[in-house]
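K.L.:
Please find protein_0.cif (mmCIF, C-alpha atoms) on the next line:
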```cif
data_input
#
loop_
_atom_site.group_PDB
_atom_site.id
_atom_site.type_symbol
_atom_site.label_atom_id
_atom_site.label_comp_id
_atom_site.auth_asym_id
_atom_site.auth_seq_id
_atom_site.Cartn_x
_atom_site.Cartn_y
_atom_site.Cartn_z
ATOM 1 C CA MET U 1350 0.000 0.000 0.000
ATOM 2 C CA ILE U 1351 2.821 2.402 0.825
ATOM 3 C CA TYR U 1352 4.249 2.052 -2.686
ATOM 4 C CA ILE U 1353 0.880 2.856 -4.285
ATOM 5 C CA ALA U 1354 0.662 5.975 -2.134
ATOM 6 C CA LEU U 1355 4.262 6.811 -2.987
ATOM 7 C CA THR U 1356 3.549 6.518 -6.712
ATOM 8 C CA ILE U 1357 0.579 8.893 -6.404
ATOM 9 C CA VAL U 1358 2.707 11.381 -4.443
ATOM 10 C CA LEU U 1359 5.495 11.234 -7.038
ATOM 11 C CA VAL U 1360 3.031 11.804 -9.894
ATOM 12 C CA GLY U 1361 1.638 14.822 -8.025
ATOM 13 C CA ILE U 1362 5.121 16.236 -7.450
ATOM 14 C CA GLU U 1363 6.049 15.758 -11.105
ATOM 15 C CA LEU U 1364 2.889 17.516 -12.287
ATOM 16 C CA LEU U 1365 3.569 20.361 -9.860
ATOM 17 C CA TYR U 1366 7.080 20.685 -11.249
ATOM 18 C CA PHE U 1367 5.677 20.900 -14.771
ATOM 19 C CA LYS U 1368 3.621 23.934 -13.731
ATOM 20 C CA ILE U 1369 6.693 25.545 -12.180
ATOM 21 C CA ALA U 1370 8.869 24.786 -15.220
ATOM 22 C CA ASP U 1371 6.201 26.153 -17.539
ATOM 23 C CA THR U 1372 5.813 29.311 -15.464
ATOM 24 C CA TYR U 1373 9.545 30.018 -15.276
ATOM 25 C CA ASN U 1374 10.293 28.876 -18.838
ATOM 26 C CA ILE U 1375 12.577 25.986 -17.851
ATOM 27 C CA ILE U 1376 12.600 24.447 -21.309
ATOM 28 C CA ASP U 1377 14.796 22.667 -23.841
ATOM 29 C CA LYS U 1378 14.804 24.370 -27.236
ATOM 30 C CA PRO U 1379 15.865 22.246 -30.237
ATOM 31 C CA ASN U 1380 19.210 23.086 -31.847
ATOM 32 C CA SER U 1381 21.553 21.515 -34.382
ATOM 33 C CA ARG U 1382 22.871 19.099 -31.741
ATOM 34 C CA SER U 1383 19.463 18.066 -30.401
ATOM 35 C CA SER U 1384 17.624 14.843 -31.145
ATOM 36 C CA HIS U 1385 14.227 16.454 -30.519
ATOM 37 C CA THR U 1386 12.313 18.917 -32.692
ATOM 38 C CA THR U 1387 9.867 20.524 -30.270
ATOM 39 C CA VAL U 1388 10.227 22.709 -27.192
ATOM 40 C CA THR U 1389 10.159 20.407 -24.151
ATOM 41 C CA LEU U 1390 10.116 20.984 -20.390
ATOM 42 C CA ARG U 1391 13.557 20.434 -18.915
ATOM 43 C CA GLY U 1392 14.420 19.015 -15.512
ATOM 44 C CA GLY U 1393 11.643 16.461 -15.036
ATOM 45 C CA GLY U 1394 14.350 14.210 -13.610
ATOM 46 C CA ILE U 1395 14.164 16.310 -10.446
ATOM 47 C CA ILE U 1396 11.817 13.546 -9.324
ATOM 48 C CA PHE U 1397 14.884 11.299 -8.750
ATOM 49 C CA PRO U 1398 16.547 13.374 -5.983
ATOM 50 C CA ILE U 1399 13.098 14.057 -4.541
ATOM 51 C CA ALA U 1400 12.527 10.296 -4.356
ATOM 52 C CA ILE U 1401 15.867 9.931 -2.544
ATOM 53 C CA CYS U 1402 14.741 12.527 0.009
ATOM 54 C CA ILE U 1403 11.462 10.672 0.532
ATOM 55 C CA ALA U 1404 13.406 7.416 0.943
ATOM 56 C CA PHE U 1405 15.557 9.113 3.574
ATOM 57 C CA LEU U 1406 12.472 10.274 5.505
ATOM 58 C CA LEU U 1407 11.175 6.697 5.373
ATOM 59 C CA GLY U 1408 14.483 5.383 6.708
ATOM 60 C CA TYR U 1409 15.502 3.591 3.502
ATOM 61 C CA VAL U 1410 18.796 5.368 2.811
ATOM 62 C CA SER U 1411 21.637 6.972 4.746
ATOM 63 C CA TRP U 1412 22.091 10.701 5.153
ATOM 64 C CA GLU U 1413 25.442 10.505 3.338
ATOM 65 C CA ILE U 1414 23.952 9.149 0.099
ATOM 66 C CA THR U 1415 20.942 11.458 0.379
ATOM 67 C CA LEU U 1416 23.184 14.496 0.798
ATOM 68 C CA ALA U 1417 25.472 13.351 -2.032
ATOM 69 C CA VAL U 1418 22.556 13.042 -4.463
ATOM 70 C CA VAL U 1419 20.980 16.325 -3.320
ATOM 71 C CA ILE U 1420 24.279 18.220 -3.744
ATOM 72 C CA VAL U 1421 24.869 17.110 -7.333
ATOM 73 C CA ALA U 1422 21.165 17.546 -8.108
ATOM 74 C CA ALA U 1423 21.091 21.118 -6.770
ATOM 75 C CA VAL U 1424 24.167 22.217 -8.720
ATOM 76 C CA SER U 1425 22.954 20.409 -11.842
ATOM 77 C CA PHE U 1426 19.515 22.029 -11.597
ATOM 78 C CA ILE U 1427 21.120 25.466 -11.441
ATOM 79 C CA ASP U 1428 23.192 24.462 -14.473
ATOM 80 C CA ASP U 1429 19.992 23.424 -16.276
ATOM 81 C CA ILE U 1430 18.601 26.922 -15.743
ATOM 82 C CA THR U 1431 21.771 29.026 -16.039
ATOM 83 C CA PRO U 1432 24.873 27.279 -17.445
ATOM 84 C CA LEU U 1433 27.681 27.043 -14.895
ATOM 85 C CA SER U 1434 31.429 26.741 -15.373
ATOM 86 C CA GLN U 1435 33.184 23.391 -14.926
ATOM 87 C CA LEU U 1436 34.474 24.269 -11.435
ATOM 88 C CA PRO U 1437 31.226 24.225 -9.392
ATOM 89 C CA ARG U 1438 29.986 21.152 -11.232
ATOM 90 C CA PHE U 1439 33.213 19.236 -10.682
ATOM 91 C CA ALA U 1440 33.424 20.412 -7.066
ATOM 92 C CA SER U 1441 29.920 19.069 -6.372
ATOM 93 C CA HIS U 1442 30.907 15.724 -7.898
ATOM 94 C CA VAL U 1443 34.040 15.522 -5.738
ATOM 95 C CA VAL U 1444 32.090 16.255 -2.539
ATOM 96 C CA ALA U 1445 29.396 13.734 -3.515
ATOM 97 C CA VAL U 1446 31.960 11.025 -4.247
ATOM 98 C CA GLY U 1447 33.578 11.730 -0.882
ATOM 99 C CA LEU U 1448 30.214 11.164 0.812
ATOM 100 C CA VAL U 1449 29.772 7.896 -1.111
ATOM 101 C CA PHE U 1450 33.229 6.794 0.044
ATOM 102 C CA TYR U 1451 32.338 7.691 3.626
ATOM 103 C CA ASP U 1452 29.074 5.753 3.477
ATOM 104 C CA LEU U 1453 30.821 2.674 2.093
ATOM 105 C CA ASP U 1454 33.724 3.044 4.541
ATOM 106 C CA LEU U 1455 36.224 3.190 1.683
ATOM 107 C CA PHE U 1456 38.543 5.602 3.460
ATOM 108 C CA THR U 1457 39.782 2.629 5.510
ATOM 109 C CA GLU U 1458 40.856 0.783 2.351
ATOM 110 C CA SER U 1459 44.297 0.876 0.754
ATOM 111 C CA LEU U 1460 45.172 4.329 -0.551
ATOM 112 C CA TRP U 1461 45.696 3.113 -4.135
ATOM 113 C CA ILE U 1462 42.061 1.965 -4.342
ATOM 114 C CA LEU U 1463 40.584 5.420 -3.698
ATOM 115 C CA PRO U 1464 41.946 7.178 -6.844
ATOM 116 C CA LEU U 1465 40.842 4.227 -9.001
ATOM 117 C CA VAL U 1466 37.304 4.193 -7.635
ATOM 118 C CA PHE U 1467 37.185 7.998 -7.769
ATOM 119 C CA VAL U 1468 38.084 8.070 -11.476
ATOM 120 C CA LEU U 1469 35.648 5.255 -12.285
ATOM 121 C CA LEU U 1470 32.754 6.906 -10.440
ATOM 122 C CA ILE U 1471 33.377 10.395 -11.847
ATOM 123 C CA GLY U 1472 33.767 8.881 -15.307
ATOM 124 C CA TRP U 1473 30.534 6.917 -14.928
ATOM 125 C CA VAL U 1474 28.544 9.985 -13.793
ATOM 126 C CA ASN U 1475 29.688 11.979 -16.802
ATOM 127 C CA ALA U 1476 29.235 9.094 -19.238
ATOM 128 C CA PHE U 1477 25.677 8.540 -18.032
ATOM 129 C CA ASN U 1478 24.968 12.239 -18.459
ATOM 130 C CA PHE U 1479 26.423 12.267 -21.983
ATOM 131 C CA MET U 1480 24.210 9.319 -22.962
ATOM 132 C CA ASP U 1481 21.022 11.224 -22.099
ATOM 133 C CA GLY U 1482 20.064 12.198 -25.639
ATOM 134 C CA ILE U 1483 16.825 10.576 -26.802
ATOM 135 C CA ASN U 1484 13.409 9.888 -25.319
ATOM 136 C CA GLY U 1485 13.409 7.056 -22.819
ATOM 137 C CA ILE U 1486 17.052 6.030 -22.899
ATOM 138 C CA THR U 1487 18.068 7.361 -19.471
ATOM 139 C CA VAL U 1488 15.042 6.197 -17.530
ATOM 140 C CA LEU U 1489 14.815 2.755 -19.181
ATOM 141 C CA TYR U 1490 18.514 2.109 -18.676
ATOM 142 C CA ALA U 1491 18.277 3.254 -15.057
ATOM 143 C CA LEU U 1492 15.245 1.037 -14.491
ATOM 144 C CA THR U 1493 17.158 -1.912 -15.967
ATOM 145 C CA ALA U 1494 19.981 -1.362 -13.487
ATOM 146 C CA ILE U 1495 17.604 -0.948 -10.542
ATOM 147 C CA ILE U 1496 15.755 -4.169 -11.416
ATOM 148 C CA SER U 1497 19.078 -5.999 -11.762
ATOM 149 C CA PHE U 1498 20.327 -4.795 -8.377
ATOM 150 C CA SER U 1499 16.981 -5.687 -6.814
ATOM 151 C CA VAL U 1500 17.238 -9.411 -7.595
ATOM 152 C CA LEU U 1501 20.657 -9.805 -5.995
ATOM 153 C CA PRO U 1502 20.504 -11.594 -2.605
ATOM 154 C CA THR U 1503 23.126 -9.185 -1.238
ATOM 155 C CA GLN U 1504 20.788 -6.217 -1.796
ATOM 156 C CA ILE U 1505 17.673 -7.517 0.004
ATOM 157 C CA SER U 1506 18.098 -4.944 2.783
ATOM 158 C CA SER U 1507 18.186 -2.180 0.132
ATOM 159 C CA LEU U 1508 15.021 -3.362 -1.622
ATOM 160 C CA PRO U 1509 12.743 -0.578 -0.239
ATOM 161 C CA LEU U 1510 15.193 2.055 -1.535
ATOM 162 C CA LEU U 1511 15.489 0.375 -4.919
ATOM 163 C CA ILE U 1512 11.706 0.076 -5.229
ATOM 164 C CA THR U 1513 11.313 3.763 -4.346
ATOM 165 C CA MET U 1514 13.814 4.787 -7.000
ATOM 166 C CA GLY U 1515 12.224 2.367 -9.454
ATOM 167 C CA LEU U 1516 8.871 4.046 -8.877
ATOM 168 C CA SER U 1517 10.411 7.454 -9.553
ATOM 169 C CA CYS U 1518 11.664 6.048 -12.869
ATOM 170 C CA PHE U 1519 8.191 4.712 -13.636
ATOM 171 C CA VAL U 1520 6.594 8.089 -12.936
ATOM 172 C CA PHE U 1521 9.184 9.976 -14.992
ATOM 173 C CA GLY U 1522 8.828 7.400 -17.758
ATOM 174 C CA ILE U 1523 5.111 8.143 -18.083
ATOM 175 C CA PHE U 1524 6.038 11.593 -19.362
ATOM 176 C CA ASN U 1525 9.296 10.745 -21.149
ATOM 177 C CA VAL U 1526 8.995 7.327 -22.793
ATOM 178 C CA ARG U 1527 6.809 8.443 -25.661
ATOM 179 C CA LYS U 1528 7.154 9.648 -29.238
ATOM 180 C CA THR U 1529 6.919 13.292 -28.166
ATOM 181 C CA ALA U 1530 8.245 13.622 -24.643
ATOM 182 C CA LYS U 1531 6.511 15.889 -22.164
ATOM 183 C CA THR U 1532 9.774 16.395 -20.274
ATOM 184 C CA PHE U 1533 13.493 15.604 -20.314
ATOM 185 C CA ALA U 1534 15.523 14.539 -17.289
ATOM 186 C CA GLY U 1535 17.970 17.418 -17.536
ATOM 187 C CA ASP U 1536 21.317 17.288 -15.754
ATOM 188 C CA VAL U 1537 19.448 17.333 -12.448
ATOM 189 C CA GLY U 1538 17.965 13.951 -13.329
ATOM 190 C CA SER U 1539 20.741 12.229 -15.248
ATOM 191 C CA ILE U 1540 23.586 13.177 -12.910
ATOM 192 C CA SER U 1541 21.701 12.452 -9.684
ATOM 193 C CA MET U 1542 20.565 9.074 -11.052
ATOM 194 C CA ALA U 1543 24.089 8.308 -12.292
ATOM 195 C CA LEU U 1544 25.514 8.948 -8.824
ATOM 196 C CA PHE U 1545 22.847 6.750 -7.232
ATOM 197 C CA LEU U 1546 23.527 3.891 -9.651
ATOM 198 C CA GLY U 1547 27.283 4.324 -9.292
ATOM 199 C CA TYR U 1548 26.927 4.045 -5.525
ATOM 200 C CA PHE U 1549 24.993 0.805 -5.905
ATOM 201 C CA MET U 1550 27.561 -0.560 -8.319
ATOM 202 C CA ILE U 1551 30.398 0.000 -5.861
ATOM 203 C CA LYS U 1552 28.256 -1.370 -3.022
ATOM 204 C CA THR U 1553 27.451 -4.492 -5.034
ATOM 205 C CA ILE U 1554 31.090 -5.120 -5.925
ATOM 206 C CA ILE U 1555 32.034 -4.778 -2.243
ATOM 207 C CA ASP U 1556 29.145 -6.949 -0.988
ATOM 208 C CA THR U 1557 29.752 -9.742 -3.515
ATOM 209 C CA ASN U 1558 33.527 -9.353 -3.791
ATOM 210 C CA GLN U 1559 32.939 -9.742 -7.536
ATOM 211 C CA PHE U 1560 34.202 -7.062 -9.929
ATOM 212 C CA GLY U 1561 32.233 -8.643 -12.789
ATOM 213 C CA TYR U 1562 29.099 -6.750 -11.788
ATOM 214 C CA ILE U 1563 30.601 -3.661 -13.379
ATOM 215 C CA LEU U 1564 29.306 -5.174 -16.633
ATOM 216 C CA PHE U 1565 25.831 -4.120 -15.444
ATOM 217 C CA PHE U 1566 26.853 -0.805 -17.078
ATOM 218 C CA SER U 1567 28.646 -2.289 -20.088
ATOM 219 C CA VAL U 1568 26.326 -1.105 -22.900
ATOM 220 C CA TYR U 1569 26.557 2.542 -21.846
ATOM 221 C CA GLY U 1570 30.229 2.161 -20.987
ATOM 222 C CA ILE U 1571 31.239 0.765 -24.370
ATOM 223 C CA ASP U 1572 29.214 3.321 -26.326
ATOM 224 C CA ALA U 1573 30.508 6.221 -24.233
ATOM 225 C CA VAL U 1574 34.197 5.198 -24.276
ATOM 226 C CA ILE U 1575 34.374 4.379 -27.993
ATOM 227 C CA THR U 1576 32.495 7.568 -28.900
ATOM 228 C CA ILE U 1577 34.924 9.632 -26.818
ATOM 229 C CA LEU U 1578 37.913 7.921 -28.472
ATOM 230 C CA ASN U 1579 36.438 8.615 -31.916
ATOM 231 C CA ARG U 1580 35.903 12.272 -31.059
ATOM 232 C CA ILE U 1581 39.445 12.595 -29.724
ATOM 233 C CA LYS U 1582 40.713 11.024 -32.954
ATOM 234 C CA LYS U 1583 38.768 13.683 -34.889
ATOM 235 C CA ARG U 1584 40.191 16.378 -32.560
ATOM 236 C CA GLU U 1585 36.737 17.374 -31.348
ATOM 237 C CA ASN U 1586 36.020 18.897 -27.944
ATOM 238 C CA ILE U 1587 34.618 15.932 -26.020
ATOM 239 C CA PHE U 1588 32.826 18.242 -23.587
ATOM 240 C CA GLN U 1589 30.728 19.876 -26.308
ATOM 241 C CA PRO U 1590 27.263 18.518 -27.243
ATOM 242 C CA HIS U 1591 27.253 16.191 -30.232
ATOM 243 C CA ARG U 1592 25.246 13.545 -32.072
ATOM 244 C CA SER U 1593 27.849 10.828 -32.612
ATOM 245 C CA HIS U 1594 26.850 8.097 -30.163
ATOM 246 C CA LEU U 1595 25.600 4.938 -31.847
ATOM 247 C CA TYR U 1596 22.116 5.419 -30.382
ATOM 248 C CA GLN U 1597 22.058 8.936 -31.883
ATOM 249 C CA TYR U 1598 23.055 7.584 -35.285
ATOM 250 C CA LEU U 1599 20.237 5.038 -35.070
ATOM 251 C CA ALA U 1600 17.624 7.572 -33.954
ATOM 252 C CA ASN U 1601 18.685 10.669 -35.861
ATOM 253 C CA GLU U 1602 20.424 9.471 -39.008
ATOM 254 C CA MET U 1603 18.802 6.075 -39.608
ATOM 255 C CA GLY U 1604 15.311 7.194 -38.554
ATOM 256 C CA PHE U 1605 14.587 4.524 -35.944
ATOM 257 C CA SER U 1606 12.041 5.406 -33.272
ATOM 258 C CA HIS U 1607 13.688 6.985 -30.228
ATOM 259 C CA VAL U 1608 11.685 4.766 -27.909
ATOM 260 C CA LEU U 1609 12.596 1.644 -29.897
ATOM 261 C CA VAL U 1610 16.311 2.452 -29.706
ATOM 262 C CA SER U 1611 15.976 3.113 -25.972
ATOM 263 C CA PHE U 1612 14.268 -0.244 -25.442
ATOM 264 C CA ILE U 1613 16.985 -1.983 -27.479
ATOM 265 C CA TYR U 1614 19.724 -0.484 -25.280
ATOM 266 C CA ALA U 1615 17.852 -1.308 -22.074
ATOM 267 C CA GLY U 1616 16.850 -4.785 -23.283
ATOM 268 C CA LEU U 1617 20.393 -5.659 -24.340
ATOM 269 C CA GLN U 1618 21.739 -4.514 -20.983
ATOM 270 C CA LEU U 1619 19.057 -6.493 -19.145
ATOM 271 C CA GLY U 1620 20.071 -9.629 -21.043
ATOM 272 C CA ILE U 1621 23.740 -9.073 -20.175
ATOM 273 C CA ASN U 1622 22.843 -8.505 -16.532
ATOM 274 C CA GLY U 1623 20.838 -11.717 -16.475
ATOM 275 C CA ALA U 1624 23.839 -13.619 -17.841
ATOM 276 C CA ILE U 1625 26.126 -12.048 -15.229
ATOM 277 C CA ILE U 1626 23.785 -12.988 -12.385
ATOM 278 C CA TYR U 1627 23.363 -16.532 -13.737
ATOM 279 C CA MET U 1628 27.110 -17.089 -14.124
ATOM 280 C CA ASP U 1629 27.764 -15.780 -10.622
ATOM 281 C CA ASN U 1630 25.090 -18.085 -9.167
ATOM 282 C CA GLN U 1631 26.797 -20.983 -10.944
ATOM 283 C CA GLY U 1632 30.164 -19.896 -9.587
ATOM 284 C CA ASN U 1633 31.502 -19.297 -13.090
ATOM 285 C CA LEU U 1634 31.862 -15.515 -13.109
ATOM 286 C CA SER U 1635 35.614 -15.685 -13.592
ATOM 287 C CA GLY U 1636 37.968 -12.974 -14.741
ATOM 288 C CA LEU U 1637 38.376 -14.816 -18.055
ATOM 289 C CA PHE U 1638 34.593 -14.878 -18.646
ATOM 290 C CA ILE U 1639 34.325 -11.168 -17.843
ATOM 291 C CA LEU U 1640 37.148 -10.336 -20.255
ATOM 292 C CA GLU U 1641 35.708 -12.541 -23.021
ATOM 293 C CA LEU U 1642 32.231 -11.032 -22.635
ATOM 294 C CA LEU U 1643 33.592 -7.487 -22.628
ATOM 295 C CA LEU U 1644 35.659 -8.203 -25.723
ATOM 296 C CA THR U 1645 32.703 -9.800 -27.514
ATOM 297 C CA LEU U 1646 30.430 -6.858 -26.703
ATOM 298 C CA THR U 1647 33.063 -4.341 -27.823
ATOM 299 C CA LEU U 1648 33.670 -6.127 -31.134
ATOM 300 C CA ALA U 1649 29.910 -6.430 -31.737
ATOM 301 C CA TYR U 1650 29.495 -2.722 -31.024
ATOM 302 C CA LEU U 1651 32.332 -1.773 -33.383
ATOM 303 C CA LEU U 1652 30.863 -3.957 -36.139
ATOM 304 C CA VAL U 1653 27.369 -2.468 -35.792
ATOM 305 C CA ARG U 1654 28.773 1.046 -35.607
ATOM 306 C CA ALA U 1655 30.883 0.500 -38.734
ATOM 307 C CA LEU U 1656 27.871 -0.824 -40.649
ATOM 308 C CA ILE U 1657 25.701 2.100 -39.575
ATOM 309 C CA VAL U 1658 28.377 4.666 -40.474
ATOM 310 C CA ARG U 1659 28.797 3.035 -43.882
ATOM 311 C CA LYS U 1660 25.051 3.220 -44.516
ATOM 312 C CA MET U 1661 25.000 6.857 -43.400
ATOM 313 C CA ASN U 1662 27.823 7.716 -45.782
ATOM 314 C CA LYS U 1663 25.934 6.095 -48.674
ATOM 315 C CA ILE U 1664 22.794 8.058 -47.812
ATOM 316 C CA HIS U 1665 24.658 11.352 -47.682
#
```
Could I get this file's structure written as structure tokens?

P.N.:
Amino acid sequence: MIYIALTIVLVGIELLYFKIADTYNIIDKPNSRSSHTTVTLRGGGIIFPIAICIAFLLGYVSWEITLAVVIVAAVSFIDDITPLSQLPRFASHVVAVGLVFYDLDLFTESLWILPLVFVLLIGWVNAFNFMDGINGITVLYALTAIISFSVLPTQISSLPLLITMGLSCFVFGIFNVRKTAKTFAGDVGSISMALFLGYFMIKTIIDTNQFGYILFFSVYGIDAVITILNRIKKRENIFQPHRSHLYQYLANEMGFSHVLVSFIYAGLQLGINGAIIYMDNQGNLSGLFILELLLTLTLAYLLVRALIVRKMNKIH
């Protein structure tokens, strides 16, 4: 019953935000780098940090993780309204990562581990944000991760928190997973959700003592890393908006439905996650299997990307 009530509350909060965004003109206008063609309300992903706050009030999550998510969400929301320089955004990420480390008691670990985890988490947050480019992709991918974490025996105690965040994704998805989206997540949504998922990834690796669970993020990770490498090769500014991810090629250049592409990304990741969970349950999630799977996925991605680029070149 509490989750039904929570869903109704989240819908009400989202609708209230729409009125505020409409009143204060918090919108996304299409430009040459956009994948959308109509003016859309920005920042609907504010429902994610709000859900974290509700989870905190219900006793589902620690104050450290709540504060970490709220900090990056607040700075990102300001950036959604009035673009900020890199410094305040990066500073908020550093503070948030420090809070995640404190919550997970990582400061007691070997000193060499902290820089590695720091780089991975900061990289993940930014990669997740960069991948937020078409209707449905962020929320469906996030929901896939949340569902995957939820079925792990090690995360039973975190199930109320995961369900709460899953419901926030469901509510946001009502207005985003459609041909013409009512709202976009904005940085406030994508970055706060990325931090939350990154926290759960680190927590899962610690709880299971199995690094292979990092492949829960493999589809996004491969697309983001290879796209960045391609842009560096072309001497492009990797921090500037662009339309060169594979999912953008599929949606923008090849004309596939945004929602269909989003479901393909989420569905593929869900299948990979299922395989990871199955192999771990069988005791076969070895380093060799992880490497082979990562290599197979990377080669498959490169092949598909090459085919799509070739078709695009023929069209143009």

K.L.:
Would you pick out the contacts of Cys1518 in chain U at 12 Å or less, using only C-alpha atoms, so that residues sharing its chain but fewer than 3 positions from it are not included, and give the list as a PyMOL selection string?

P.N.:
chain U and resi 1356+1359-1360+1363+1393-1401+1485-1496+1511-1515+1521-1526+1534+1538-1539+1542

K.L.:
Pull out every residue that the PyMOL selection byres ((chain U and resi 1458-1472) around 12) matches in the shown coordinates and put them as a ChimeraX atom specification.

P.N.:
/U:1421,1438-1451,1453-1457,1473-1479,1540,1543-1552,1554-1555,1560,1563,1566,1569-1570,1573-1574,1577

K.L.:
Once you have the residues from the selection above, write them out as a PDB file, in the frame of the given file, restricted to C-alpha atoms.

P.N.:
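Result file follows (again04.pdb):
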```pdb
ATOM      1  CA  VAL U1421      24.869  17.110  -7.333  1.00  0.00           C
ATOM      2  CA  ARG U1438      29.986  21.152 -11.232  1.00  0.00           C
ATOM      3  CA  PHE U1439      33.213  19.236 -10.682  1.00  0.00           C
ATOM      4  CA  ALA U1440      33.424  20.412  -7.066  1.00  0.00           C
ATOM      5  CA  SER U1441      29.920  19.069  -6.372  1.00  0.00           C
ATOM      6  CA  HIS U1442      30.907  15.724  -7.898  1.00  0.00           C
ATOM      7  CA  VAL U1443      34.040  15.522  -5.738  1.00  0.00           C
ATOM      8  CA  VAL U1444      32.090  16.255  -2.539  1.00  0.00           C
ATOM      9  CA  ALA U1445      29.396  13.734  -3.515  1.00  0.00           C
ATOM     10  CA  VAL U1446      31.960  11.025  -4.247  1.00  0.00           C
ATOM     11  CA  GLY U1447      33.578  11.730  -0.882  1.00  0.00           C
ATOM     12  CA  LEU U1448      30.214  11.164   0.812  1.00  0.00           C
ATOM     13  CA  VAL U1449      29.772   7.896  -1.111  1.00  0.00           C
ATOM     14  CA  PHE U1450      33.229   6.794   0.044  1.00  0.00           C
ATOM     15  CA  TYR U1451      32.338   7.691   3.626  1.00  0.00           C
ATOM     16  CA  LEU U1453      30.821   2.674   2.093  1.00  0.00           C
ATOM     17  CA  ASP U1454      33.724   3.044   4.541  1.00  0.00           C
ATOM     18  CA  LEU U1455      36.224   3.190   1.683  1.00  0.00           C
ATOM     19  CA  PHE U1456      38.543   5.602   3.460  1.00  0.00           C
ATOM     20  CA  THR U1457      39.782   2.629   5.510  1.00  0.00           C
ATOM     21  CA  TRP U1473      30.534   6.917 -14.928  1.00  0.00           C
ATOM     22  CA  VAL U1474      28.544   9.985 -13.793  1.00  0.00           C
ATOM     23  CA  ASN U1475      29.688  11.979 -16.802  1.00  0.00           C
ATOM     24  CA  ALA U1476      29.235   9.094 -19.238  1.00  0.00           C
ATOM     25  CA  PHE U1477      25.677   8.540 -18.032  1.00  0.00           C
ATOM     26  CA  ASN U1478      24.968  12.239 -18.459  1.00  0.00           C
ATOM     27  CA  PHE U1479      26.423  12.267 -21.983  1.00  0.00           C
ATOM     28  CA  ILE U1540      23.586  13.177 -12.910  1.00  0.00           C
ATOM     29  CA  ALA U1543      24.089   8.308 -12.292  1.00  0.00           C
ATOM     30  CA  LEU U1544      25.514   8.948  -8.824  1.00  0.00           C
ATOM     31  CA  PHE U1545      22.847   6.750  -7.232  1.00  0.00           C
ATOM     32  CA  LEU U1546      23.527   3.891  -9.651  1.00  0.00           C
ATOM     33  CA  GLY U1547      27.283   4.324  -9.292  1.00  0.00           C
ATOM     34  CA  TYR U1548      26.927   4.045  -5.525  1.00  0.00           C
ATOM     35  CA  PHE U1549      24.993   0.805  -5.905  1.00  0.00           C
ATOM     36  CA  MET U1550      27.561  -0.560  -8.319  1.00  0.00           C
ATOM     37  CA  ILE U1551      30.398   0.000  -5.861  1.00  0.00           C
ATOM     38  CA  LYS U1552      28.256  -1.370  -3.022  1.00  0.00           C
ATOM     39  CA  ILE U1554      31.090  -5.120  -5.925  1.00  0.00           C
ATOM     40  CA  ILE U1555      32.034  -4.778  -2.243  1.00  0.00           C
ATOM     41  CA  PHE U1560      34.202  -7.062  -9.929  1.00  0.00           C
ATOM     42  CA  ILE U1563      30.601  -3.661 -13.379  1.00  0.00           C
ATOM     43  CA  PHE U1566      26.853  -0.805 -17.078  1.00  0.00           C
ATOM     44  CA  TYR U1569      26.557   2.542 -21.846  1.00  0.00           C
ATOM     45  CA  GLY U1570      30.229   2.161 -20.987  1.00  0.00           C
ATOM     46  CA  ALA U1573      30.508   6.221 -24.233  1.00  0.00           C
ATOM     47  CA  VAL U1574      34.197   5.198 -24.276  1.00  0.00           C
ATOM     48  CA  ILE U1577      34.924   9.632 -26.818  1.00  0.00           C
TER      49      ILE U1577
END
```

K.L.:
Can you tell me, as a compact mmCIF listing (two decimals) with C-alpha atoms, keeping the file's coordinate frame, what residues are no more than 7 Å from Ala1422 in chain U when counting all atoms listed in the file, ignoring any on the same chain fewer than 2 positions away?

P.N.:
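Dumped everything to out-v8.txt:
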```txt
# COMPACT_ATOMS: atom_id res chain seq x y z
CA PRO U 1398 16.55 13.37 -5.98
CA VAL U 1418 22.56 13.04 -4.46
CA VAL U 1419 20.98 16.32 -3.32
CA ILE U 1420 24.28 18.22 -3.74
CA VAL U 1424 24.17 22.22 -8.72
CA SER U 1425 22.95 20.41 -11.84
CA PHE U 1426 19.52 22.03 -11.60
CA VAL U 1537 19.45 17.33 -12.45
CA ILE U 1540 23.59 13.18 -12.91
CA SER U 1541 21.70 12.45 -9.68
```

K.L.:
Quick one: which residues end up in the PyMOL selection byres ((chain U and resi 1503) around 8) for this structure, as a PyMOL selection string?

P.N.:
chain U and resi 1501-1502+1504-1506+1553+1556-1557

K.L.:
If you keep C-alpha atoms, can you produce a file of those selected residues as an mmCIF file, in the frame of the given file?

P.N.:
```cif
data_model
loop_
_atom_site.group_PDB
_atom_site.id
_atom_site.type_symbol
_atom_site.label_atom_id
_atom_site.label_comp_id
_atom_site.auth_asym_id
_atom_site.auth_seq_id
_atom_site.Cartn_x
_atom_site.Cartn_y
_atom_site.Cartn_z
ATOM 1 C CA LEU U 1501 20.657 -9.805 -5.995
ATOM 2 C CA PRO U 1502 20.504 -11.594 -2.605
ATOM 3 C CA GLN U 1504 20.788 -6.217 -1.796
ATOM 4 C CA ILE U 1505 17.673 -7.517 0.004
ATOM 5 C CA SER U 1506 18.098 -4.944 2.783
ATOM 6 C CA THR U 1553 27.451 -4.492 -5.034
ATOM 7 C CA ASP U 1556 29.145 -6.949 -0.988
ATOM 8 C CA THR U 1557 29.752 -9.742 -3.515
#
```

K.L.:
Please report the interatomic distance between CA of Met1480 in chain U and CA of Leu1595 in chain U in Å with one decimal.

P.N.:
10.0 Å

K.L.:
Taking all atoms listed in the file into account, name the residue in U:Leu1364, U:Ile1664, U:Leu1510, U:Val1568 that is nearest to Gly1408 in chain U.

P.N.:
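Closest to Gly1408 in chain U, using all atoms listed in the file: U:Leu1510.
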